[in-house]
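A.B. asks: So that you have it, the file is start08.txt, and it contains compact mmCIF, C-alpha atoms:
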# COMPACT_ATOMS: atom_id res chain seq x y z
CA MET O 206 -24.64 22.22 -0.76
CA ASN O 207 -23.05 23.18 -4.02
CA ASN O 208 -19.90 21.34 -3.19
CA ARG O 209 -21.97 18.38 -2.31
CA SER O 210 -23.71 18.17 -5.66
CA ILE O 211 -20.39 18.50 -7.47
CA THR O 212 -19.09 15.63 -5.40
CA SER O 213 -22.09 13.49 -6.21
CA VAL O 214 -21.70 14.15 -9.93
CA ALA O 215 -18.04 13.23 -9.67
CA LEU O 216 -18.99 10.13 -7.72
CA ALA O 217 -21.57 9.15 -10.28
CA LEU O 218 -18.99 9.48 -13.05
CA LEU O 219 -16.47 7.44 -11.13
CA LEU O 220 -19.03 4.78 -10.38
CA THR O 221 -20.02 4.45 -14.03
CA GLY O 222 -16.38 3.88 -14.81
CA SER O 223 -16.06 1.24 -12.17
CA ILE O 224 -19.26 -0.49 -13.19
CA ASN O 225 -17.89 -0.88 -16.67
CA SER O 226 -14.78 -2.55 -15.37
CA CYS O 227 -16.94 -4.62 -13.07
CA LYS O 228 -18.90 -6.05 -15.95
CA GLU O 229 -15.89 -7.48 -17.62
CA GLU O 230 -14.78 -9.23 -14.51
CA LYS O 231 -18.22 -10.58 -13.85
CA LYS O 232 -18.05 -12.50 -17.11
CA GLU O 233 -14.84 -14.12 -16.02
CA VAL O 234 -16.26 -15.06 -12.69
CA SER O 235 -19.35 -16.72 -14.07
CA ASN O 236 -17.18 -18.63 -16.52
CA ASP O 237 -15.16 -19.94 -13.64
CA ASN O 238 -18.25 -21.07 -11.88
CA HIS O 239 -19.65 -22.84 -14.93
CA GLY O 240 -22.82 -20.82 -14.81
CA GLU O 241 -23.61 -21.60 -11.22
CA MET O 242 -23.92 -17.91 -10.49
CA GLU O 243 -26.90 -17.63 -12.81
CA HIS O 244 -28.53 -20.51 -11.09
CA HIS O 245 -28.30 -18.76 -7.76
CA GLU O 246 -29.17 -15.37 -9.02
CA GLY O 247 -32.64 -14.07 -8.47
CA ASN O 248 -33.71 -16.54 -5.84
CA HIS O 249 -30.91 -16.75 -3.36
CA HIS O 250 -32.74 -14.51 -0.94
CA GLY O 251 -35.37 -17.11 -0.29
CA PHE O 252 -34.95 -19.56 2.51
CA GLN O 253 -36.45 -22.28 0.42
CA SER O 254 -33.84 -22.12 -2.30
CA ASP O 255 -31.18 -22.37 0.36
CA HIS O 256 -32.98 -25.39 1.63
CA GLU O 257 -33.04 -27.01 -1.80
CA GLU O 258 -29.34 -26.51 -2.11
CA MET O 259 -28.75 -28.39 1.11
CA GLY O 260 -29.09 -31.79 -0.50
CA LYS O 261 -26.22 -31.14 -2.85
CA GLU O 262 -24.03 -29.74 -0.17
CA VAL O 263 -24.60 -32.31 2.53
CA GLN O 264 -21.43 -34.12 1.67
CA GLU O 265 -19.33 -31.00 1.68
CA LYS O 266 -20.89 -29.83 4.91
CA ASN O 267 -20.12 -33.09 6.63
CA HIS O 268 -16.58 -32.69 5.51
CA MET O 269 -16.51 -29.19 6.94
CA LYS O 270 -17.73 -30.22 10.36
CA SER O 271 -14.35 -30.87 11.84
CA THR O 272 -12.52 -29.20 14.67
CA GLN O 273 -10.99 -26.94 12.03
CA THR O 274 -14.30 -25.39 11.14
CA GLU O 275 -15.10 -24.68 14.77
CA GLY O 276 -12.14 -22.37 14.95
CA VAL O 277 -12.82 -20.92 11.53
CA SER O 278 -16.22 -19.51 12.47
CA GLY O 279 -14.61 -17.48 15.26
CA VAL O 280 -12.07 -16.08 12.82
CA ILE O 281 -14.76 -15.25 10.26
CA SER O 282 -16.88 -13.45 12.82
CA THR O 283 -13.97 -11.23 13.90
CA TYR O 284 -13.00 -10.73 10.26
CA LEU O 285 -16.54 -9.47 9.59
CA ASP O 286 -16.33 -7.19 12.66
CA LEU O 287 -13.12 -5.82 11.20
CA LYS O 288 -14.72 -5.33 7.80
CA ASN O 289 -17.67 -3.50 9.35
CA ALA O 290 -15.35 -1.29 11.39
CA LEU O 291 -13.50 -0.32 8.21
CA VAL O 292 -16.81 0.43 6.48
CA GLU O 293 -17.47 2.83 9.35
CA SER O 294 -13.87 4.12 9.14
CA ASP O 295 -13.55 3.34 12.83
CA GLN O 296 -9.85 2.84 13.50
CA LYS O 297 -10.27 1.83 17.14
CA LYS O 298 -12.95 -0.77 16.45
CA ALA O 299 -10.93 -2.16 13.56
CA ALA O 300 -7.84 -2.42 15.78
CA ASP O 301 -9.81 -4.29 18.45
CA ALA O 302 -11.29 -6.64 15.87
CA GLY O 303 -7.82 -7.28 14.43
CA ALA O 304 -6.49 -8.18 17.87
CA ALA O 305 -9.48 -10.42 18.57
CA MET O 306 -9.00 -12.15 15.23
CA VAL O 307 -5.37 -12.94 16.08
CA GLU O 308 -6.61 -14.67 19.24
CA ASN O 309 -9.27 -16.58 17.33
CA PHE O 310 -6.72 -17.87 14.85
CA LYS O 311 -5.15 -19.77 17.72
CA ASN O 312 -8.31 -21.87 17.98
CA ILE O 313 -7.98 -23.29 14.50
CA LYS O 314 -6.43 -26.69 14.79
CA VAL O 315 -4.41 -27.55 11.75
CA GLU O 316 -3.93 -31.17 10.97
CA ASP O 317 -1.21 -31.80 8.49
CA SER O 318 -1.75 -28.90 6.12
CA PRO O 319 1.37 -26.82 5.57
CA GLU O 320 -0.60 -24.52 3.30
CA LEU O 321 -3.13 -23.82 6.02
CA ASP O 322 -0.29 -23.24 8.47
CA GLU O 323 1.20 -20.66 6.11
CA ILE O 324 -2.11 -18.90 5.57
CA ILE O 325 -2.73 -18.65 9.30
CA GLU O 326 0.79 -17.44 10.02
CA VAL O 327 0.54 -14.64 7.46
CA ALA O 328 -3.07 -13.74 8.29
CA LYS O 329 -2.16 -13.46 11.97
CA GLU O 330 0.61 -11.04 11.09
CA HIS O 331 -1.89 -8.91 9.17
CA GLY O 332 -4.14 -8.97 12.24
CA GLU O 333 -1.27 -7.86 14.47
CA HIS O 334 -0.56 -4.93 12.19
CA ILE O 335 -4.21 -3.96 11.98
CA ALA O 336 -4.31 -3.93 15.78
CA LYS O 337 -1.69 -1.18 15.93
CA SER O 338 -2.00 0.92 12.77
CA ASP O 339 -3.80 3.93 11.37
CA LEU O 340 -6.78 3.47 9.06
CA ALA O 341 -4.90 3.64 5.75
CA HIS O 342 -2.44 1.03 6.92
CA GLN O 343 -5.23 -1.12 8.33
CA ARG O 344 -6.87 -1.15 4.92
CA GLU O 345 -3.65 -2.18 3.19
CA HIS O 346 -3.37 -5.19 5.45
CA PHE O 347 -7.09 -5.87 5.20
CA LYS O 348 -6.76 -6.24 1.45
CA GLU O 349 -4.15 -8.97 1.76
CA LEU O 350 -5.90 -10.51 4.73
CA SER O 351 -9.10 -10.88 2.70
CA GLN O 352 -7.26 -12.95 0.12
CA ASP O 353 -5.76 -15.11 2.86
CA ILE O 354 -9.18 -15.68 4.44
CA SER O 355 -10.65 -16.56 1.07
CA ASP O 356 -7.86 -19.07 0.45
CA LEU O 357 -8.32 -20.45 3.95
CA LEU O 358 -12.00 -21.07 3.28
CA THR O 359 -11.28 -23.04 0.14
CA ILE O 360 -9.35 -25.47 2.34
CA THR O 361 -11.55 -25.59 5.44
CA GLY O 362 -14.93 -24.84 3.91
CA THR O 363 -16.99 -21.94 5.14
CA PRO O 364 -19.05 -22.02 8.33
CA MET O 365 -21.57 -19.62 6.76
CA PRO O 366 -22.50 -18.38 3.29
CA LEU O 367 -20.38 -15.39 2.32
CA TYR O 368 -20.18 -12.99 -0.58
CA GLN O 369 -16.84 -12.22 -2.14
CA GLN O 370 -17.02 -8.58 -3.19
CA TYR O 371 -14.66 -6.39 -5.12
CA CYS O 372 -13.97 -2.72 -5.63
CA PRO O 373 -11.76 -1.99 -8.67
CA MET O 374 -10.81 1.46 -7.43
CA TYR O 375 -8.89 0.76 -4.23
CA ASN O 376 -5.25 1.84 -4.10
CA LYS O 377 -5.13 3.79 -7.36
CA ASN O 378 -7.23 1.29 -9.26
CA GLU O 379 -5.24 -1.71 -8.11
CA GLY O 380 -8.51 -3.04 -6.72
CA GLY O 381 -9.40 -4.72 -3.48
CA MET O 382 -11.51 -7.71 -2.52
CA TRP O 383 -13.38 -8.44 0.71
CA LEU O 384 -15.83 -10.91 2.15
CA SER O 385 -19.23 -10.01 3.49
CA SER O 386 -22.13 -11.87 5.06
CA LYS O 387 -24.57 -9.69 3.12
CA GLU O 388 -25.05 -9.34 -0.59
CA GLU O 389 -25.49 -5.58 -0.35
CA ILE O 390 -22.27 -3.65 -0.99
CA ARG O 391 -20.70 -1.77 1.93
CA ASN O 392 -17.22 -0.85 0.82
CA PRO O 393 -14.58 -1.19 3.57
CA TYR O 394 -11.80 0.49 1.56
CA PHE O 395 -13.21 4.00 1.31
CA GLY O 396 -15.81 4.12 4.05
CA ASP O 397 -18.57 6.66 3.44
CA LYS O 398 -16.60 8.27 0.64
CA MET O 399 -17.61 5.44 -1.64
CA LEU O 400 -19.85 3.29 0.43
CA LYS O 401 -21.58 1.44 -2.37
CA CYS O 402 -18.80 1.03 -4.88
CA GLY O 403 -18.17 -2.58 -5.72
CA LYS O 404 -19.90 -5.74 -6.78
CA VAL O 405 -20.33 -9.34 -5.85
CA GLN O 406 -17.68 -11.54 -7.45
CA LYS O 407 -18.96 -14.82 -6.16
CA GLU O 408 -20.76 -16.56 -3.36
CA ILE O 409 -18.83 -18.75 -1.02
CA ARG O 410 -20.90 -21.55 0.41
CA MET C 58 25.76 24.84 44.46
CA ARG C 59 26.65 21.81 46.50
CA LEU C 60 23.35 20.21 45.62
CA LEU C 61 23.97 20.78 41.91
CA SER C 62 27.43 19.18 41.93
CA TYR C 63 25.94 16.33 43.93
CA ILE C 64 23.33 15.74 41.21
CA ILE C 65 25.93 15.93 38.43
CA MET C 66 28.05 13.40 40.33
CA ILE C 67 25.14 10.97 40.55
CA ILE C 68 24.38 11.32 36.85
CA LEU C 69 28.01 10.71 35.90
CA ILE C 70 28.26 7.65 38.10
CA GLY C 71 25.01 6.37 36.66
CA PHE C 72 26.22 6.94 33.14
CA ALA C 73 29.50 5.15 33.85
CA GLY C 74 27.57 2.35 35.53
CA ILE C 75 25.30 1.57 32.62
CA GLN C 76 28.32 1.19 30.36
CA PHE C 77 28.79 -2.23 31.95
CA ILE C 78 25.41 -3.51 30.77
CA PRO C 79 26.25 -6.24 28.30
CA ALA C 80 24.62 -6.20 24.86
CA ASP C 81 24.34 -8.76 22.11
CA ARG C 82 25.79 -7.65 18.84
CA ASN C 83 23.77 -8.37 15.74
CA ILE C 84 26.65 -9.70 13.69
CA SER C 85 26.39 -13.15 12.23
CA ALA C 86 28.98 -15.34 10.59
CA LYS C 87 26.62 -18.08 9.56
CA PRO C 88 26.21 -18.96 5.89
CA THR C 89 23.63 -16.87 4.13
CA VAL C 90 21.89 -19.24 1.71
CA ASP C 91 18.54 -17.76 2.70
CA ASP C 92 19.66 -14.18 2.30
CA PHE C 93 17.35 -11.94 0.29
CA LEU C 94 20.07 -10.53 -1.96
CA ILE C 95 21.45 -13.97 -2.73
CA THR C 96 18.09 -15.61 -3.44
CA THR C 97 16.58 -12.74 -5.43
CA ASN C 98 19.77 -11.41 -7.00
CA PRO C 99 18.84 -7.77 -7.70
CA PRO C 100 21.00 -5.55 -9.94
CA GLY C 101 24.11 -4.23 -8.14
CA GLU C 102 22.83 -0.70 -7.54
CA ILE C 103 19.58 -1.89 -6.00
CA ALA C 104 21.41 -4.49 -3.92
CA ASN C 105 23.59 -1.70 -2.59
CA VAL C 106 20.59 0.49 -1.73
CA ILE C 107 18.95 -2.39 0.12
CA THR C 108 22.12 -3.19 2.05
CA VAL C 109 22.77 0.39 3.09
CA SER C 110 19.18 1.43 3.79
CA CYS C 111 17.59 -1.73 5.16
CA TYR C 112 20.09 -4.32 6.35
CA ASP C 113 21.18 -2.62 9.58
CA CYS C 114 17.82 -3.34 11.17
CA HIS C 115 16.37 -6.04 8.92
CA SER C 116 19.14 -8.62 8.70
CA ASP C 117 21.47 -10.63 10.91
CA ASN C 118 24.31 -8.25 10.17
CA THR C 119 24.35 -4.71 11.44
CA ASN C 120 27.02 -2.30 10.34
CA TYR C 121 27.49 -0.61 13.72
CA PRO C 122 28.60 3.01 14.03
CA TRP C 123 31.17 3.86 16.75
CA TYR C 124 28.66 5.45 19.10
CA SER C 125 26.68 2.23 19.18
CA LYS C 126 29.01 1.05 21.94
CA ILE C 127 27.86 3.79 24.29
CA GLN C 128 24.99 3.01 26.62
CA PRO C 129 22.05 3.72 26.55
CA ILE C 130 22.41 3.97 22.75
CA THR C 131 23.41 0.30 22.66
CA MET C 132 20.21 -0.77 24.39
CA TYR C 133 18.06 1.45 22.22
CA MET C 134 19.61 0.00 19.07
CA GLU C 135 19.33 -3.57 20.28
CA ASP C 136 15.59 -3.17 20.87
CA HIS C 137 15.20 -1.51 17.55
CA ILE C 138 17.02 -4.23 15.65
CA LEU C 139 15.12 -7.01 17.40
CA GLU C 140 11.86 -5.34 16.48
CA GLY C 141 12.95 -4.77 12.90
CA LYS C 142 14.04 -8.37 12.44
CA ALA C 143 10.83 -9.74 13.92
CA GLU C 144 8.95 -7.79 11.27
CA LEU C 145 11.22 -8.67 8.39
CA ASN C 146 14.59 -10.42 8.39
CA PHE C 147 16.29 -10.41 5.02
CA SER C 148 18.78 -13.01 6.24
CA GLU C 149 15.92 -15.50 6.59
CA TRP C 150 14.12 -14.59 3.39
CA GLY C 151 14.53 -18.03 1.86
CA THR C 152 12.70 -19.64 4.76
CA TYR C 153 9.55 -17.55 4.25
CA SER C 154 6.55 -19.10 2.51
CA ASP C 155 5.54 -17.60 -0.84
CA ARG C 156 2.46 -16.11 0.79
CA ARG C 157 4.60 -14.46 3.44
CA LYS C 158 7.02 -13.19 0.80
CA ARG C 159 4.16 -11.60 -1.12
CA ALA C 160 2.83 -9.96 2.04
CA LYS C 161 6.28 -8.67 2.98
CA ILE C 162 6.99 -7.31 -0.49
CA SER C 163 3.64 -5.47 -0.50
CA SER C 164 4.53 -3.90 2.82
CA MET C 165 8.02 -2.98 1.63
CA ILE C 166 6.62 -1.25 -1.45
CA SER C 167 4.06 0.72 0.49
CA GLN C 168 6.49 1.68 3.28
CA VAL C 169 9.12 2.87 0.80
CA GLN C 170 6.60 4.73 -1.35
CA LYS C 171 5.13 6.52 1.63
CA GLY C 172 8.60 7.34 2.92
CA GLU C 173 7.96 5.55 6.21
CA MET C 174 11.00 3.33 5.72
CA PRO C 175 13.86 3.76 6.34
CA LEU C 176 12.77 5.44 9.59
CA SER C 177 13.51 9.12 9.83
CA SER C 178 15.08 8.55 13.28
CA TYR C 179 17.54 6.27 11.50
CA THR C 180 18.29 8.42 8.46
CA LEU C 181 18.90 11.37 10.78
CA LEU C 182 22.22 9.78 11.70
CA HIS C 183 22.63 7.64 8.56
CA GLY C 184 22.35 10.20 5.80
CA ASN C 185 23.44 7.73 3.14
CA ALA C 186 20.50 5.46 4.01
CA ARG C 187 18.04 8.10 2.87
CA LEU C 188 16.43 7.09 -0.44
CA SER C 189 16.50 9.49 -3.35
CA LYS C 190 13.47 9.73 -5.65
CA LYS C 191 15.28 7.69 -8.27
CA GLU C 192 16.28 5.03 -5.77
CA LYS C 193 12.74 4.79 -4.47
CA LYS C 194 11.42 4.31 -7.98
CA GLU C 195 13.99 1.69 -8.95
CA LEU C 196 13.57 -0.16 -5.69
CA THR C 197 9.78 -0.31 -5.88
CA GLN C 198 9.92 -1.36 -9.53
CA PHE C 199 12.25 -4.20 -8.64
CA LEU C 200 9.98 -5.23 -5.78
CA GLN C 201 6.88 -5.15 -8.01
CA GLN C 202 8.58 -7.47 -10.45
CA LEU C 203 9.73 -9.72 -7.67
CA LYS C 204 6.24 -9.92 -6.19
CA SER C 205 4.82 -11.28 -9.42
CA LYS C 206 7.12 -14.29 -9.09
CA PHE C 207 5.53 -15.53 -5.88
Write out the structure in this file as C-alpha cells.

C.D. replies:
Amino acid sequence: MNNRSITSVALALLLTGSINSCKEEKKEVSNDNHGEMEHHEGNHHGFQSDHEEMGKEVQEKNHMKSTQTEGVSGVISTYLDLKNALVESDQKKAADAGAAMVENFKNIKVEDSPELDEIIEVAKEHGEHIAKSDLAHQREHFKELSQDISDLLTITGTPMPLYQQYCPMYNKNEGGMWLSSKEEIRNPYFGDKMLKCGKVQKEIR
Amino acid sequence: MRLLSYIIMIILIGFAGIQFIPADRNISAKPTVDDFLITTNPPGEIANVITVSCYDCHSDNTNYPWYSKIQPITMYMEDHILEGKAELNFSEWGTYSDRRKRAKISSMISQVQKGEMPLSSYTLLHGNARLSKKEKKELTQFLQQLKSKF
C-alpha cells in the first residue's frame, strides 16, 4: 500500500509536468484550426450539434464517399483495435490487429496518388513489424504508424470522427500521438502505468 | 561399433553432398547512385562503421568470409541476407520515399541504441562489427541529424 501511494504521488507530479507542456501545445493547435476547436468544445457530445455540422460537411463527405474510403474504414477499425490492445498492454491482441490491418490496407484502392501509395507502403511495413514484435517494439512502430494514418486521413477523409491525442512523455519525452474514437484519454504508450496521461490535440472529422 | 561407423559414413556423405547445392552470392557490380553512403555522405569514420557493421546484410554487397562457402553455412547466410535486405537495403536507399526513409532511420536509431543491431549472432564471428559506445553515439547522432532532413 505504501509503495502504491508513493507511486501515485510520483504520478501526480509527472502528470502536472505533462499538463503544463500540454497547455502550450494546445494553444498552437487552436491557432492552426482558426478557433474551430472552441466552437466544438463544450457541445460536441450532443447528437444535435453533430447534426448541425452536417450541412457544412456535406460537400466534404460526398467527396469522401469513394472506393478509397470504403477501404479506409477497415484500416481505421483495425488501427483502433491495435490502439486498444496497446492500452491493455496485450501483445498478442496487438500483433493480431497489426496483421489484420496489413490485410485491410490491401482493400484501399489508390487512384493516382503517389503520396497515398507511399503512406500505405510504409504503414503496412509498420503493421508487419507490429505483428511479430514485443510490446516495446510494437509501440515504437505504433507511434510512426499513427502519424501515417493521420496523414492518410487528410488525403482520403475520415470515415468516422476521430480524436487526435498526444502524450508528451513517450520515449523519454519525445512524445507520441495516437488516434482514438473516444474523447476520453486511454494512453496506448504506457498502458496502465499512465493510462490517462495525454490530451486531445484536435478532432478529425 | 559397426553401426556407429555406418552413421558417421552417412553424415559425411550427406555433408559432402550438400556442398553441391548452388547459392547466389550477394555481390553486385551495378552502379550505386542510390547507395546510402553516396546519397547521405556521412563523415569517413561513420561511413566506415556503417560499411563494416551493416553492409554485409543490408546492402547488395556482402564481404564474405572464407567459411561462407561451406554448406550449410552458405544457405544460412543467404537466408539471412535476403531477410536483412528486405527490411532495409542501403544500396537502394535513394529509391525510398521520404516517409520510408524517416521510418527506417527511426528503426535504425532504436535498434542501434538498444544493441539489437548488429545481431549478436553476427558479431560473434565478426568482432570488428561490434559497435563501441562511442561509435553508437556518433552513429545515432548522425542518424538523428539525417532524419530531420526528410

A.B. asks: Residues of chain C within 9 Å of chain O, counting all atoms listed in the file, what are they? List them as a ChimeraX atom specification.

C.D. replies: /C:144,154-157,160,163-164,167

A.B. asks: So that I can see what lies close to Ala336 (chain O), please list as a list in words the residues with an atom at most 7 Å from it, counting all atoms listed in the file and leaving out residues fewer than 2 positions away in the same chain.

C.D. replies: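 That gives Ala300, Asp301, Gly303, Ala304, Gly332, Glu333, His334 and Ser338 of chain O.
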
A.B. asks: Just the number, please: distance in Å from CA of Ser85 (chain C) to CA of Phe147 (chain C), one decimal.

C.D. replies: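 Rounded to one decimal, the two atoms are 12.7 Å apart.
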
A.B. asks: Find the residues near region 92-98 of chain C: any atom within 12 Å, counting only C-alpha atoms, skip ones fewer than 3 places away on the same chain, and give them as a CSV table (one decimal) with C-alpha atoms, keeping the file's coordinate frame.

C.D. replies:
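And here is the file that came out, part.csv:
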chain,number,residue,atom,x,y,z
C,87,LYS,CA,26.6,-18.1,9.6
C,88,PRO,CA,26.2,-19.0,5.9
C,89,THR,CA,23.6,-16.9,4.1
C,101,GLY,CA,24.1,-4.2,-8.1
C,102,GLU,CA,22.8,-0.7,-7.5
C,103,ILE,CA,19.6,-1.9,-6.0
C,104,ALA,CA,21.4,-4.5,-3.9
C,105,ASN,CA,23.6,-1.7,-2.6
C,106,VAL,CA,20.6,0.5,-1.7
C,107,ILE,CA,19.0,-2.4,0.1
C,108,THR,CA,22.1,-3.2,2.0
C,111,CYS,CA,17.6,-1.7,5.2
C,112,TYR,CA,20.1,-4.3,6.4
C,115,HIS,CA,16.4,-6.0,8.9
C,116,SER,CA,19.1,-8.6,8.7
C,117,ASP,CA,21.5,-10.6,10.9
C,118,ASN,CA,24.3,-8.2,10.2
C,145,LEU,CA,11.2,-8.7,8.4
C,146,ASN,CA,14.6,-10.4,8.4
C,147,PHE,CA,16.3,-10.4,5.0
C,148,SER,CA,18.8,-13.0,6.2
C,149,GLU,CA,15.9,-15.5,6.6
C,150,TRP,CA,14.1,-14.6,3.4
C,151,GLY,CA,14.5,-18.0,1.9
C,152,THR,CA,12.7,-19.6,4.8
C,153,TYR,CA,9.6,-17.6,4.2
C,158,LYS,CA,7.0,-13.2,0.8
C,161,LYS,CA,6.3,-8.7,3.0
C,162,ILE,CA,7.0,-7.3,-0.5
C,199,PHE,CA,12.2,-4.2,-8.6
C,200,LEU,CA,10.0,-5.2,-5.8
C,202,GLN,CA,8.6,-7.5,-10.4
C,203,LEU,CA,9.7,-9.7,-7.7
C,204,LYS,CA,6.2,-9.9,-6.2
C,206,LYS,CA,7.1,-14.3,-9.1
C,207,PHE,CA,5.5,-15.5,-5.9

A.B. asks: Please check which residues have atoms at most 10 Å from (-20.0, -22.0, 0.5) in the file's coordinates, counting only C-alpha atoms, and write them as a list in words.

C.D. replies: Glu262, Glu265, Lys266, Leu358, Thr359, Gly362, Thr363, Pro364, Met365, Pro366, Leu367, Tyr368, Lys407, Glu408, Ile409 and Arg410 of chain O

A.B. asks: For the point (-11.3, -15.3, 11.5) in the file's frame, write as a PDB file with C-alpha atoms, keeping the file's coordinate frame all residues with an atom no more than 8 Å away, counting all atoms listed in the file.

C.D. replies:
ATOM      1  CA  GLY O 276     -12.140 -22.370  14.950  1.00  0.00           C
ATOM      2  CA  VAL O 277     -12.820 -20.920  11.530  1.00  0.00           C
ATOM      3  CA  SER O 278     -16.220 -19.510  12.470  1.00  0.00           C
ATOM      4  CA  GLY O 279     -14.610 -17.480  15.260  1.00  0.00           C
ATOM      5  CA  VAL O 280     -12.070 -16.080  12.820  1.00  0.00           C
ATOM      6  CA  ILE O 281     -14.760 -15.250  10.260  1.00  0.00           C
ATOM      7  CA  SER O 282     -16.880 -13.450  12.820  1.00  0.00           C
ATOM      8  CA  THR O 283     -13.970 -11.230  13.900  1.00  0.00           C
ATOM      9  CA  TYR O 284     -13.000 -10.730  10.260  1.00  0.00           C
ATOM     10  CA  MET O 306      -9.000 -12.150  15.230  1.00  0.00           C
ATOM     11  CA  VAL O 307      -5.370 -12.940  16.080  1.00  0.00           C
ATOM     12  CA  ASN O 309      -9.270 -16.580  17.330  1.00  0.00           C
ATOM     13  CA  PHE O 310      -6.720 -17.870  14.850  1.00  0.00           C
ATOM     14  CA  ILE O 354      -9.180 -15.680   4.440  1.00  0.00           C
TER      15      ILE O 354
END

A.B. asks: Just the number, please: distance in Å from CA of Ile313 (chain O) to CA of Leu291 (chain O), one decimal.

C.D. replies: 24.4 Å

A.B. asks: Between CA of Ser351 (chain O) and CA of Pro373 (chain O), what is the distance, to one decimal in Å?

C.D. replies: 14.7 Å

A.B. asks: Identify, on the basis of all atoms listed in the file, every residue whose closest approach to Ile166 (chain C) does not exceed 10 Å; exclude the query and any residue fewer than 6 positions from it along the same chain; express the result as a PyMOL selection string.

C.D. replies: chain C and resi 172+174+193-194+196-201+204

A.B. asks: How would the residues just chosen look if you wrote them out with C-alpha atoms as a compact mmCIF listing (two decimals), in the coordinates of the input?

C.D. replies:
# COMPACT_ATOMS: atom_id res chain seq x y z
CA GLY C 172 8.60 7.34 2.92
CA MET C 174 11.00 3.33 5.72
CA LYS C 193 12.74 4.79 -4.47
CA LYS C 194 11.42 4.31 -7.98
CA LEU C 196 13.57 -0.16 -5.69
CA THR C 197 9.78 -0.31 -5.88
CA GLN C 198 9.92 -1.36 -9.53
CA PHE C 199 12.25 -4.20 -8.64
CA LEU C 200 9.98 -5.23 -5.78
CA GLN C 201 6.88 -5.15 -8.01
CA LYS C 204 6.24 -9.92 -6.19

A.B. asks: Measuring atom to atom with only C-alpha atoms, identify which of O:Met382, O:Val405, O:Ala290, O:Ala299 is nearest to Lys337 (chain O).

C.D. replies: O:Ala299

A.B. asks: Excluding region 72-78 of chain C and any residue of its chain fewer than 4 positions from it, enumerate the residues within 7 Å of it, using only C-alpha atoms, and give them as a VMD selection string.

C.D. replies: chain C and resid 68 127 to 128

A.B. asks: For region 384-400 of chain O, please output as a list of chain:residue names all residues within 7 Å (counting all atoms listed in the file; exclusion window: fewer than 2 positions along the same chain).

C.D. replies: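 Skipping anything fewer than 2 positions along the chain leaves O:Leu285, O:Lys288, O:Asn289, O:Leu291, O:Val292, O:Glu293, O:Ser294, O:Arg344, O:Ser351, O:Pro366, O:Leu367, O:Tyr368, O:Gln369, O:Gln370, O:Tyr375, O:Cys402, O:Gly403, O:Lys404.
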
A.B. asks: Which is closest to Glu135 (chain C) among C:Arg82, C:Arg59, C:Lys190, C:Lys171, if we use only C-alpha atoms?

C.D. replies: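 Result for the nearest residue to Glu135 (chain C): C:Arg82.
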